[in-house]
Amino acid sequence: MQAIEANGASIPAIGLGTWELRGRTCARIVEQALTLGYRHVDTAQVYENEREVGEGLRASHIRRDQVFLTTKVWTTHFAPHDLERSTKESLVRLRVSEVDLLLLHWPNPHVPLAETLGALAHAKSLGLTRHIGVSNFTVALIDEAVATSPEPLICNQVEYHPYLDQTKVREACARNGVAMVAYSPVARGKIKNDATLARIGRAHGRTPAQICLRWLVQQNVVAIPRTSRVERLSENIDVFDFTLSDAEMDEIFALGGAEDRMTNFAFAPKWD
């Protein structure tokens, strides 16, 4: 498994996203993913599946220190005391002593960023997490967060796939030494009918999803595709033994000329 290095963290380049996975299905998919070789699992407080993710982790019998585990603090818990309390509650649900990465799930304009970042750094100092980062931050907010945070930030997790041009965010992450983590990396399956990705896939004997994930990996972007199907687990991780040409990379970049944002706005905060 290839890894992306950022501010002392080594993040496996392909991880398992768990948004929308619930109950026994979630635990089973996490267990099977780890058994197949995944070493990166992503969850969040608002997903309401941290308990099941923890069950899958334990059922896999993979050593805890071999798995890069991420969770995200929801926006209503950004005040310092609330952030610490909610993080400890996440650890109880996951049944772990610490996570590898703790993220702010979305920006919250009602809580000063410096205050929240201070609380996030404090969580790290308490040993609740090994690393900290942010999610869904714009270019301006990335610059502000890196300049403000008492502790190094290791990533910005954002939606990114061939139909959504995130060049400016990717460049801001690189400029600040922050890794970029892509959720919805296969546009929630929309890429499966894409003629360009299918043609490139035929040239390499790969599926459109594998071409898409390889495109991200070659940008040094971490991808966390979500699936509830075991066969997709194997497919998504099998992207490290071929290389896309510069021309193929450019063809895929060209698909993002028109923004096509797939974000689940049920989870996007709606501020007054």
# chains A, B, ... in the order shown; residues from 1 in each chain; ligands from 1
>>> closest_atom_pairs(of="region 17-82 of chain A", to="region 100-110 of chain A", cutoff="7 Å", atoms="only C-alpha atoms", output="tab-separated table")
residue	atom	partner	partner_atom	distance
A:Phe68	CA	A:Asp100	CA	5.6
A:Leu69	CA	A:Asp100	CA	5.2
A:Thr70	CA	A:Leu101	CA	4.6
A:Thr71	CA	A:Leu102	CA	5.4
A:Lys72	CA	A:Leu103	CA	4.5
A:Val73	CA	A:Leu104	CA	5.2
A:Trp74	CA	A:His105	CA	5.6
A:Thr75	CA	A:Asn108	CA	6.0
>>> select_by_dssp(residues="region 170-259 of chain A", states="strand (DSSP E)", output="PyMOL selection string")
chain A and resi 179-183+222-223
>>> select_by_dssp(residues="region 125-173 of chain A", states="helix (DSSP H, G or I)", output="number ranges by chain")
A: 125, 139-148, 167-173
>>> write_last_selection(atoms="C-alpha atoms", output="compact mmCIF listing (two decimals), in the first residue's frame")
# COMPACT_ATOMS: atom_id res chain seq x y z
CA SER A 125 -1.85 16.88 23.62
CA VAL A 139 -8.37 27.82 0.02
CA ALA A 140 -8.67 30.87 2.30
CA LEU A 141 -9.60 28.74 5.30
CA ILE A 142 -6.73 26.32 4.67
CA ASP A 143 -4.26 29.21 4.69
CA GLU A 144 -5.83 30.64 7.86
CA ALA A 145 -5.97 27.28 9.62
CA VAL A 146 -2.33 26.40 8.91
CA ALA A 147 -1.20 29.83 10.09
CA THR A 148 -3.34 29.64 13.24
CA THR A 167 -7.08 22.39 -8.53
CA LYS A 168 -7.00 25.49 -6.32
CA VAL A 169 -7.65 23.52 -3.15
CA ARG A 170 -5.09 20.89 -4.13
CA GLU A 171 -2.50 23.59 -4.78
CA ALA A 172 -3.27 25.27 -1.44
CA CYS A 173 -2.82 21.96 0.36
>>> residues_around(residues="region 78-90 of chain A", least_positions_apart="3", cutoff="6 Å", atoms="only C-alpha atoms", output="list of chain:residue names")
A:Thr75, A:Arg93, A:Thr116, A:Ala119
>>> closest_residue(among="A:Gln210, A:Gln157, A:Gln45, A:Ser60", to="Val30 (chain A)", atoms="only C-alpha atoms")
A:Ser60
>>> residues_around(residues="Gln218 (chain A)", least_positions_apart="6", cutoff="12 Å", atoms="only C-alpha atoms", output="list in words")
Gln2, Ala3, Ile4, Ala13, Ile14, Ile211, Cys212, Val239, Phe240, Asp241, Phe242, Thr243, Leu244, Ser245, Asp246, Glu248, Met249, Asp250 and Ile252 of chain A
>>> write_last_selection(atoms="C-alpha atoms", output="tab-separated table (two decimals), in the first residue's frame")
chain	number	residue	atom	x	y	z
A	2	GLN	CA	1.39	3.36	-1.03
A	3	ALA	CA	1.28	6.09	1.61
A	4	ILE	CA	1.12	9.89	1.50
A	13	ALA	CA	-3.31	6.21	-0.12
A	14	ILE	CA	-6.52	4.20	-0.40
A	211	ILE	CA	-8.81	4.52	-13.46
A	212	CYS	CA	-10.39	7.26	-11.37
A	239	VAL	CA	-4.62	0.32	-8.33
A	240	PHE	CA	-0.92	0.22	-7.52
A	241	ASP	CA	0.48	-1.90	-10.34
A	242	PHE	CA	-0.16	0.31	-13.37
A	243	THR	CA	0.49	3.92	-14.35
A	244	LEU	CA	-1.56	6.42	-16.32
A	245	SER	CA	0.31	8.38	-18.98
A	246	ASP	CA	0.50	12.18	-18.83
A	248	GLU	CA	-4.40	10.07	-19.96
A	249	MET	CA	-4.10	12.15	-16.80
A	250	ASP	CA	-4.83	15.30	-18.82
A	252	ILE	CA	-9.30	12.94	-17.01
>>> closest_residue(among="A:Ser149, A:Thr18, A:Asn176, A:Gln166", to="Leu120 (chain A)", atoms="only C-alpha atoms")
A:Ser149
